[in-house]
$ cat coords-v1.csv   # CSV, C-alpha atoms
chain,number,residue,atom,x,y,z
A,1,MET,CA,11.4,22.9,26.9
A,2,THR,CA,7.8,22.2,25.7
A,3,ASP,CA,4.9,24.7,25.9
A,4,GLN,CA,3.2,22.1,28.2
A,5,ALA,CA,6.2,22.2,30.6
A,6,ILE,CA,6.1,26.0,30.6
A,7,ASN,CA,2.4,26.0,31.3
A,8,ARG,CA,2.9,23.7,34.2
A,9,ALA,CA,5.7,25.8,35.7
A,10,ARG,CA,3.6,29.0,35.6
A,11,PRO,CA,1.6,29.6,38.8
A,12,ALA,CA,-2.2,29.6,38.2
A,13,THR,CA,-3.8,33.0,38.1
A,14,ILE,CA,-7.3,34.2,39.0
A,15,ILE,CA,-8.1,34.3,35.3
A,16,ASP,CA,-7.2,30.6,35.1
A,17,VAL,CA,-9.5,29.8,38.0
A,18,ALA,CA,-12.4,31.8,36.4
A,19,ARG,CA,-11.9,30.1,33.0
A,20,ALA,CA,-11.8,26.6,34.5
A,21,ALA,CA,-14.7,27.2,36.8
A,22,GLY,CA,-16.8,28.8,34.0
A,23,VAL,CA,-17.4,32.0,35.9
A,24,ALA,CA,-16.4,35.6,35.7
A,25,VAL,CA,-13.2,36.9,37.2
A,26,GLY,CA,-15.3,39.1,39.4
A,27,THR,CA,-17.1,36.1,40.8
A,28,VAL,CA,-13.8,34.5,41.8
A,29,SER,CA,-12.7,37.8,43.4
A,30,ARG,CA,-15.9,37.9,45.5
A,31,TYR,CA,-15.3,34.3,46.6
A,32,LEU,CA,-11.7,35.1,47.6
A,33,ASN,CA,-12.9,38.1,49.6
A,34,ASP,CA,-15.7,36.2,51.4
A,35,GLN,CA,-18.4,38.1,49.6
A,36,PRO,CA,-21.8,36.5,48.7
A,37,ILE,CA,-22.0,34.3,45.5
A,38,ARG,CA,-24.2,31.4,44.5
A,39,GLY,CA,-23.6,28.2,46.4
A,40,GLY,CA,-23.0,26.2,43.2
A,41,ASN,CA,-20.3,28.7,42.0
A,42,ARG,CA,-18.7,28.6,45.5
A,43,GLU,CA,-18.3,24.9,45.4
A,44,ARG,CA,-17.0,24.9,41.8
A,45,ILE,CA,-14.4,27.6,42.5
A,46,ALA,CA,-13.2,25.9,45.6
A,47,GLN,CA,-12.7,22.7,43.6
A,48,VAL,CA,-10.8,24.4,40.8
A,49,ILE,CA,-8.6,26.3,43.2
A,50,ASP,CA,-7.7,22.9,44.8
A,51,GLU,CA,-7.1,21.3,41.4
A,52,LEU,CA,-4.9,24.1,40.0
A,53,GLY,CA,-3.0,24.7,43.2
A,54,TYR,CA,-3.9,28.4,43.0
A,55,ARG,CA,-2.3,30.6,45.6
A,56,ARG,CA,-3.6,34.1,46.2
A,57,ASN,CA,-1.2,37.0,45.6
A,58,SER,CA,-1.1,38.4,49.1
A,59,ALA,CA,0.7,41.6,48.2
A,60,ALA,CA,-1.8,42.5,45.5
A,61,ALA,CA,-4.7,41.6,47.9
A,62,ALA,CA,-3.2,43.9,50.5
A,63,MET,CA,-3.1,46.8,48.1
A,64,LYS,CA,-6.8,46.3,47.2
A,65,THR,CA,-8.1,45.5,50.7
A,66,ASN,CA,-5.7,47.6,52.7
A,67,THR,CA,-4.8,44.5,54.8
A,68,SER,CA,-1.7,42.3,54.6
A,69,HIS,CA,-2.6,39.7,57.2
A,70,MET,CA,0.7,40.4,58.8
A,71,VAL,CA,1.4,41.8,62.3
A,72,GLY,CA,4.7,43.4,63.2
A,73,LEU,CA,6.4,42.6,66.6
A,74,MET,CA,9.1,45.0,67.7
A,75,VAL,CA,11.4,43.6,70.4
A,76,PRO,CA,14.6,45.0,72.0
A,77,ALA,CA,16.2,41.5,72.0
A,78,VAL,CA,15.2,38.0,71.4
A,79,GLY,CA,15.8,36.8,74.9
A,80,GLU,CA,13.8,34.4,77.1
A,81,PHE,CA,10.8,36.6,77.6
A,82,HIS,CA,10.6,38.0,74.1
A,83,ALA,CA,11.2,34.7,72.5
A,84,ALA,CA,8.3,33.2,74.5
A,85,LEU,CA,6.1,36.2,73.5
A,86,LEU,CA,7.0,35.7,69.8
A,87,ASP,CA,6.2,32.0,70.0
A,88,ARG,CA,2.8,32.5,71.7
A,89,LEU,CA,1.8,35.5,69.6
A,90,SER,CA,2.6,33.7,66.4
A,91,ARG,CA,0.6,30.6,67.4
A,92,HIS,CA,-2.5,32.7,68.4
A,93,MET,CA,-2.2,35.0,65.3
A,94,ARG,CA,-2.0,31.9,63.0
A,95,GLN,CA,-5.4,30.9,64.2
A,96,THR,CA,-6.8,34.2,62.8
A,97,GLY,CA,-5.1,33.8,59.5
A,98,ARG,CA,-2.3,36.3,60.2
A,99,ALA,CA,1.5,35.9,60.4
A,100,VAL,CA,3.9,37.7,62.8
A,101,LEU,CA,7.0,39.5,61.5
A,102,CYS,CA,9.6,40.1,64.3
A,103,TYR,CA,12.1,43.0,64.2
A,104,CYS,CA,14.8,43.3,66.8
A,105,HIS,CA,15.8,47.0,67.5
A,106,ASP,CA,18.5,46.5,70.2
A,107,THR,CA,17.0,49.6,72.0
A,108,ASP,CA,18.8,51.8,69.4
A,109,PRO,CA,16.6,54.7,68.2
A,110,SER,CA,17.7,54.6,64.6
A,111,SER,CA,17.2,50.9,64.4
A,112,PHE,CA,13.8,51.3,66.0
A,113,MET,CA,12.7,53.8,63.4
A,114,ASP,CA,14.1,51.5,60.6
A,115,GLY,CA,11.7,48.9,62.0
A,116,ILE,CA,8.7,51.2,62.0
A,117,GLU,CA,9.5,52.2,58.4
A,118,PHE,CA,9.9,48.5,57.5
A,119,PHE,CA,6.5,47.6,58.9
A,120,ALA,CA,4.8,50.7,57.4
A,121,GLY,CA,6.4,49.9,54.0
A,122,HIS,CA,5.1,46.3,54.2
A,123,ARG,CA,1.6,47.5,55.1
A,124,VAL,CA,1.3,45.4,58.3
A,125,ASP,CA,-2.1,45.4,59.9
A,126,ALA,CA,-0.7,46.4,63.3
A,127,VAL,CA,2.5,46.8,65.3
A,128,VAL,CA,3.0,45.3,68.7
A,129,MET,CA,5.9,46.9,70.6
A,130,ASP,CA,7.3,47.9,74.0
A,131,GLY,CA,7.1,51.6,74.5
A,132,ASN,CA,10.2,53.8,74.0
A,133,GLU,CA,9.9,57.3,75.5
A,134,GLU,CA,12.7,58.7,73.3
A,135,LEU,CA,10.7,57.9,70.2
A,136,ARG,CA,7.2,59.1,71.2
A,137,GLN,CA,7.2,62.1,68.9
A,138,ARG,CA,8.6,60.1,65.9
A,139,LEU,CA,6.0,57.4,66.4
A,140,GLU,CA,2.9,59.7,66.7
A,141,PRO,CA,2.7,60.5,63.0
A,142,TYR,CA,2.4,56.9,62.1
A,143,ILE,CA,-0.4,56.3,64.6
A,144,SER,CA,-2.2,59.5,63.4
A,145,GLN,CA,-2.0,58.0,59.8
A,146,GLY,CA,-3.8,54.9,61.0
A,147,MET,CA,-1.1,52.5,62.2
A,148,LEU,CA,-2.7,50.2,64.8
A,149,THR,CA,-0.4,49.9,67.8
A,150,VAL,CA,-0.4,47.7,70.9
A,151,LEU,CA,2.1,48.4,73.7
A,152,TYR,CA,2.9,45.2,75.6
A,153,ASP,CA,5.5,46.4,78.2
A,154,ASN,CA,6.6,50.0,78.7
A,155,ASP,CA,3.8,52.6,78.6
A,156,LEU,CA,3.8,55.9,76.6
A,157,PRO,CA,1.0,57.8,78.4
A,158,GLY,CA,-1.2,59.9,76.1
A,159,LEU,CA,-0.3,57.9,73.0
A,160,ALA,CA,-3.4,56.6,71.0
A,161,ALA,CA,-2.6,53.0,71.4
A,162,ASP,CA,-4.0,49.9,73.1
A,163,ARG,CA,-2.0,48.3,76.0
A,164,VAL,CA,-1.5,44.9,77.4
A,165,PHE,CA,0.5,45.0,80.6
A,166,VAL,CA,1.5,42.7,83.4
A,167,GLU,CA,0.6,43.9,87.0
A,168,ASN,CA,4.3,44.6,87.6
A,169,ARG,CA,3.9,46.7,90.6
A,170,ARG,CA,1.4,44.4,92.4
A,171,ALA,CA,3.5,41.2,91.6
A,172,SER,CA,6.7,42.9,92.8
A,173,LYS,CA,5.0,43.9,96.1
A,174,ARG,CA,3.8,40.4,96.7
A,175,LEU,CA,7.2,39.0,96.1
A,176,ILE,CA,8.8,41.4,98.6
A,177,ASP,CA,6.0,40.8,101.0
A,178,HIS,CA,7.1,37.1,101.0
A,179,VAL,CA,10.7,38.1,101.8
A,180,LEU,CA,9.8,40.5,104.5
A,181,ASP,CA,7.4,37.9,106.1
A,182,LEU,CA,10.5,35.7,106.4
A,183,GLY,CA,12.1,38.3,108.7
A,184,HIS,CA,14.4,40.0,106.2
A,185,GLU,CA,14.7,43.8,106.5
A,186,ARG,CA,17.9,44.5,104.5
A,187,VAL,CA,16.4,43.5,101.2
A,188,ALA,CA,18.1,44.9,98.1
A,189,ILE,CA,16.7,45.5,94.6
A,190,ILE,CA,18.7,45.3,91.4
A,191,HIS,CA,16.3,47.3,89.1
A,192,GLY,CA,16.1,48.2,85.4
A,193,HIS,CA,16.5,51.5,83.6
A,194,LEU,CA,14.1,54.0,85.3
A,195,VAL,CA,13.3,55.7,82.0
A,196,ASP,CA,11.1,52.6,81.4
A,197,SER,CA,7.7,52.5,83.1
A,198,VAL,CA,8.1,48.7,83.8
A,199,ALA,CA,11.3,49.4,85.8
A,200,ARG,CA,9.5,52.2,87.8
A,201,ASP,CA,6.5,49.9,88.5
A,202,ARG,CA,8.7,47.1,89.8
A,203,LEU,CA,10.7,49.5,92.0
A,204,GLN,CA,7.5,51.0,93.3
A,205,GLY,CA,6.1,47.5,94.2
A,206,TYR,CA,9.3,46.9,96.2
A,207,ARG,CA,8.7,50.2,98.1
A,208,ASP,CA,5.0,49.5,98.6
A,209,ALA,CA,6.0,46.3,100.5
A,210,PHE,CA,8.4,48.1,102.8
A,211,LEU,CA,5.7,50.7,103.5
A,212,ALA,CA,3.0,48.1,104.2
A,213,HIS,CA,5.3,46.2,106.6
A,214,GLY,CA,6.6,49.4,108.3
A,215,VAL,CA,10.1,48.5,107.4
A,216,GLU,CA,12.7,51.2,106.7
A,217,GLU,CA,14.1,51.3,103.1
A,218,HIS,CA,17.9,51.6,102.8
A,219,PRO,CA,18.9,53.7,99.8
A,220,GLU,CA,22.3,51.9,99.4
A,221,LEU,CA,20.4,48.7,98.7
A,222,VAL,CA,18.6,50.2,95.6
A,223,VAL,CA,20.9,49.6,92.6
A,224,ASP,CA,20.3,50.4,88.9
A,225,ALA,CA,21.6,47.7,86.5
A,226,ARG,CA,19.8,48.9,83.4
A,227,TRP,CA,18.4,45.5,82.6
A,228,ASN,CA,21.9,44.3,81.8
A,229,GLU,CA,23.4,40.9,82.8
A,230,GLN,CA,26.9,42.3,83.3
A,231,ARG,CA,25.6,45.2,85.3
A,232,GLY,CA,23.6,42.7,87.4
A,233,TYR,CA,26.9,40.9,88.1
A,234,SER,CA,28.6,44.1,89.1
A,235,ALA,CA,25.7,45.3,91.2
A,236,MET,CA,25.7,42.0,93.2
A,237,GLY,CA,29.4,42.5,93.9
A,238,ASP,CA,28.8,46.1,95.1
A,239,LEU,CA,26.0,45.0,97.4
A,240,MET,CA,28.0,42.3,99.0
A,241,ALA,CA,31.0,44.7,99.5
A,242,LEU,CA,28.8,47.0,101.7
A,243,PRO,CA,29.8,47.1,105.4
A,244,ASN,CA,26.3,45.8,106.2
A,245,PRO,CA,25.3,43.7,103.1
A,246,PRO,CA,21.7,42.7,102.3
A,247,THR,CA,20.3,39.4,103.6
A,248,ALA,CA,18.0,39.1,100.5
A,249,VAL,CA,18.1,40.4,96.9
A,250,PHE,CA,15.4,41.0,94.3
A,251,GLY,CA,16.6,40.9,90.7
A,252,ALA,CA,14.0,42.8,88.8
A,253,ASN,CA,14.4,40.8,85.5
A,254,TYR,CA,16.1,37.6,84.5
A,255,ASN,CA,19.1,39.2,82.8
A,256,MET,CA,20.1,41.1,85.9
A,257,SER,CA,19.3,38.1,88.1
A,258,ILE,CA,21.4,35.7,86.0
A,259,GLY,CA,24.4,38.2,86.4
A,260,ALA,CA,23.8,38.4,90.1
A,261,LEU,CA,23.5,34.6,90.5
A,262,ARG,CA,26.7,34.2,88.5
A,263,TRP,CA,28.6,36.5,90.9
A,264,LEU,CA,27.2,34.6,93.9
A,265,ARG,CA,28.3,31.2,92.5
A,266,GLU,CA,31.8,32.5,91.5
A,267,HIS,CA,32.3,33.8,95.0
A,268,ASN,CA,30.9,30.8,96.8
A,269,VAL,CA,28.0,32.6,98.4
A,270,SER,CA,25.4,30.0,99.2
A,271,ILE,CA,21.7,30.4,98.5
A,272,PRO,CA,19.7,30.5,100.8
A,273,GLN,CA,22.1,29.8,103.6
A,274,ASP,CA,24.1,33.0,103.1
A,275,ILE,CA,21.6,35.1,101.2
A,276,SER,CA,18.0,34.8,99.9
A,277,PHE,CA,17.3,35.6,96.3
A,278,VAL,CA,14.1,36.2,94.3
A,279,SER,CA,13.6,37.4,90.7
A,280,PHE,CA,11.0,38.8,88.3
A,281,ASP,CA,10.7,36.7,85.1
A,282,ASP,CA,10.5,32.9,85.8
A,283,VAL,CA,12.8,31.4,83.1
A,284,PRO,CA,13.4,27.6,82.7
A,285,ALA,CA,16.9,28.0,84.2
A,286,PHE,CA,15.4,29.0,87.6
A,287,SER,CA,13.6,25.7,87.9
A,288,VAL,CA,16.8,23.7,87.4
A,289,HIS,CA,19.0,26.0,89.4
A,290,VAL,CA,20.1,24.4,92.8
A,291,PRO,CA,18.3,25.6,94.7
A,292,GLY,CA,15.4,26.6,92.5
A,293,ILE,CA,14.8,30.4,92.4
A,294,THR,CA,11.6,31.9,93.6
A,295,ALA,CA,10.3,34.1,90.8
A,296,VAL,CA,7.4,36.0,89.3
A,297,GLY,CA,6.3,34.3,86.0
A,298,GLN,CA,5.3,36.5,83.1
A,299,PRO,CA,1.8,35.3,81.9
A,300,VAL,CA,3.0,35.3,78.3
A,301,ASP,CA,0.2,33.2,76.9
A,302,LYS,CA,-2.5,35.4,78.4
A,303,MET,CA,-0.7,38.4,77.1
A,304,ALA,CA,-0.7,37.0,73.6
A,305,GLU,CA,-4.4,36.1,73.8
A,306,ALA,CA,-5.2,39.6,75.0
A,307,ILE,CA,-3.2,41.2,72.2
A,308,VAL,CA,-4.9,39.0,69.6
A,309,SER,CA,-8.3,39.8,71.1
A,310,ILE,CA,-7.7,43.6,70.9
A,311,LEU,CA,-6.4,43.4,67.3
A,312,ALA,CA,-9.4,41.3,66.2
A,313,GLU,CA,-11.7,44.0,67.6
A,314,ARG,CA,-9.8,46.9,66.0
A,315,LEU,CA,-9.3,45.2,62.7
A,316,GLY,CA,-13.0,44.2,62.7
A,317,ASP,CA,-14.4,47.7,63.1
A,318,GLY,CA,-11.5,49.8,61.9
A,319,SER,CA,-11.2,51.8,65.1
A,320,LEU,CA,-8.1,53.1,66.9
A,321,GLY,CA,-8.3,52.6,70.6
A,322,ASN,CA,-6.8,53.5,74.0
A,323,ARG,CA,-7.8,50.4,75.9
A,324,THR,CA,-5.6,48.9,78.7
A,325,ILE,CA,-5.6,45.3,79.8
A,326,ARG,CA,-3.7,44.4,83.0
A,327,ILE,CA,-2.9,40.7,83.7
A,328,ASP,CA,-1.9,39.3,87.1
A,329,ALA,CA,1.3,37.4,87.4
A,330,GLU,CA,1.9,34.3,89.5
A,331,ILE,CA,4.8,33.7,91.9
A,332,THR,CA,6.4,30.3,92.1
A,333,LEU,CA,8.0,29.6,95.5
A,334,ARG,CA,11.1,27.5,95.4
A,335,GLY,CA,14.1,27.0,97.7
A,336,SER,CA,16.0,30.3,97.3
A,337,THR,CA,14.6,32.0,100.4
A,338,ARG,CA,14.8,31.1,104.1
A,339,ARG,CA,13.5,32.5,107.3
A,340,LEU,CA,16.0,34.9,108.9
A,341,ARG,CA,16.9,33.8,112.4
A,342,ARG,CA,17.8,36.6,114.8

$ encode --input "coords-v1.csv" --output "C-alpha cells"
Amino acid sequence: MTDQAINRARPATIIDVARAAGVAVGTVSRYLNDQPIRGGNRERIAQVIDELGYRRNSAAAAMKTNTSHMVGLMVPAVGEFHAALLDRLSRHMRQTGRAVLCYCHDTDPSSFMDGIEFFAGHRVDAVVMDGNEELRQRLEPYISQGMLTVLYDNDLPGLAADRVFVENRRASKRLIDHVLDLGHERVAIIHGHLVDSVARDRLQGYRDAFLAHGVEEHPELVVDARWNEQRGYSAMGDLMALPNPPTAVFGANYNMSIGALRWLREHNVSIPQDISFVSFDDVPAFSVHVPGITAVGQPVDKMAEAIVSILAERLGDGSLGNRTIRIDAEITLRGSTRRLRR
C-alpha cells in the first residue's frame, strides 16, 4: 500500500485543517466552538473542513466542553407510547444538534441503575425518564452532582428535577364524565400499579367524576392490573364474573385495555351492545378496532417539545430546575360507548 493511500485512509485532524487553511490550531478550535474569529478565516476554515471531510471528535469535545450533545431516555419498555415518545423526542432533539440514546430498564431496579451509570459514563447532557420511587435515594446523588433530569411520567416529589406531565387526572375525569352522562353507574376501572403517581392520578380522576355526578362508587369495580396486558385480560374476566357486572369499563392504559378487549372478543361480549369500553392511551389499534375505541390520546409531540424547551433553557444557563409543565390531553369519541337504557 502506498503512502498516498495511507494518507487518504487516515481521517483529517484539526491540525490538518489548520495547516491547509493557513491558520493556527487555536483559531480552528475557536471556530469549532462558535467563538469569534476574523470573517476571512471563518470562510477559509469552513471551506477546508468541507474539502478534507473533517469530522469533529465528539468524545474529545465532550471532555473539553463538558457537553456530549447526547440526551439519555430511560423507558420501562418500548411499547406504543414510549416508541412514539422516542420518535418525537429524537426528531425535536435533532433540530438542536443533539441525539437521543434510549435505554430500556424493564422496571427492574438493577437494570435502571445500570442505565443511569451508562448515561453518566457517557457524559450525556441530560436524562429524561419516568420516575421510580424505589430508586429515589440512588438517583439523588447523580442529580446533586449535576445530572440534568426531566421526569416525563411518574413524579418523585421533592427531587430536584424538571417535569413534563399529562393532565392524567383531569383527562380521566372527563372520560368518565362522558360515560356517566350516558347513564352508566356501574363503571369499572382497570388501573395501573398504585406505587406510580400516574396510576393514582388516573384513579383519582375516575373518582372525581363519580363525586361530581353524585354516583356511588362500587369497590368491587376497582381492579389493579399493574399495567400488564395479561392482568388486564384476567381483570376483565373477574369483572364479568361478578353477580352484578359493570355496564362500562375504563382501561387506564393501552396494555391493560388490549388484554381486556381480548377477553371480551374471546367470550363473544359485544361492544357497545353488551358493554361500553373506554381507554387511556389512544393507540392506532383503537381506530381500526370494530367498533373504534373511545380513548384519551397522549399529546406526545407536545410533551417532546416541552422537554426540548426545558433542556434548551437548562443547558443554556447551566441551571438545575424544579419546573413542572402539565399538558392537556384530548379525548377521541368513537363507537365503543352507548347510552344505557333503563

$ closest_residue --input "coords-v1.csv" --among "A:Arg169, A:Arg341, A:Arg38, A:Arg123" --to "Ser197 of chain A" --atoms "all atoms listed in the file"
A:Arg169

$ closest_atom_pairs --input "coords-v1.csv" --of "segment 158-255 of chain A" --to "segment 100-110 of chain A" --cutoff "12 Å" --atoms "only C-alpha atoms" --output "Markdown table"
| residue | atom | partner | partner_atom | distance |
| --- | --- | --- | --- | --- |
| A:His193 | CA | A:Thr107 | CA | 11.8 |
| A:Asp196 | CA | A:Thr107 | CA | 11.5 |
| A:Arg226 | CA | A:Thr107 | CA | 11.8 |
| A:Trp227 | CA | A:Thr107 | CA | 11.5 |

$ closest_residue --input "coords-v1.csv" --among "A:Ser276, A:Gln35, A:Asn41, A:Ser309" --to "Leu89 of chain A" --atoms "all atoms listed in the file"
A:Ser309

$ closest_residue --input "coords-v1.csv" --among "A:Val166, A:Ala188, A:Val249, A:Ile271" --to "Asp328 of chain A" --atoms "only C-alpha atoms"
A:Val166

$ atom_distance --input "coords-v1.csv" --atom1 "atom CA of His218 of chain A" --atom2 "atom CA of Asp153 of chain A"
28.0 Å

$ residues_around --input "coords-v1.csv" --residues "Ile327 of chain A" --least-positions-apart "3" --cutoff "10 Å" --atoms "only C-alpha atoms" --output "list of chain:residue names"
A:Val164, A:Phe165, A:Val166, A:Glu167, A:Asn168, A:Gln298, A:Pro299, A:Val300, A:Lys302, A:Met303, A:Ala306, A:Thr324, A:Glu330

$ closest_residue --input "coords-v1.csv" --among "A:Asp181, A:Asp87, A:Glu305, A:Asp317" --to "Val215 of chain A" --atoms "all atoms listed in the file"
A:Asp181

$ residues_near_point --input "coords-v1.csv" --point "(14.3, 35.3, 100.9)" --cutoff "10 Å" --atoms "all atoms listed in the file" --output "ChimeraX atom specification"
/A:175-184,187,247-250,271-273,275-278,293-294,335-340

$ atom_distance --input "coords-v1.csv" --atom1 "atom CA of Tyr54 of chain A" --atom2 "atom CA of Gly97 of chain A"
17.4 Å

$ atom_distance --input "coords-v1.csv" --atom1 "atom CA of Ala84 of chain A" --atom2 "atom CA of Glu133 of chain A"
24.2 Å

$ residues_around --input "coords-v1.csv" --residues "Gly259 of chain A" --least-positions-apart "6" --cutoff "9 Å" --atoms "only C-alpha atoms" --output "PDB file with C-alpha atoms, in the frame of the given file"
ATOM      1  CA  ASN A 228      21.900  44.300  81.800  1.00  0.00           C
ATOM      2  CA  GLU A 229      23.400  40.900  82.800  1.00  0.00           C
ATOM      3  CA  GLN A 230      26.900  42.300  83.300  1.00  0.00           C
ATOM      4  CA  ARG A 231      25.600  45.200  85.300  1.00  0.00           C
ATOM      5  CA  GLY A 232      23.600  42.700  87.400  1.00  0.00           C
ATOM      6  CA  TYR A 233      26.900  40.900  88.100  1.00  0.00           C
ATOM      7  CA  SER A 234      28.600  44.100  89.100  1.00  0.00           C
ATOM      8  CA  ALA A 235      25.700  45.300  91.200  1.00  0.00           C
ATOM      9  CA  MET A 236      25.700  42.000  93.200  1.00  0.00           C
TER      10      MET A 236
END

$ closest_residue --input "coords-v1.csv" --among "A:Arg186, A:Arg94, A:Arg202, A:His191" --to "Met240 of chain A" --atoms "all atoms listed in the file"
A:Arg186

$ residues_around --input "coords-v1.csv" --residues "Val28 of chain A" --least-positions-apart "4" --cutoff "8 Å" --atoms "all atoms listed in the file" --output "list in words"
Ile14, Val17, Ala18, Val23, Ala24, Leu32 and Ile45 of chain A
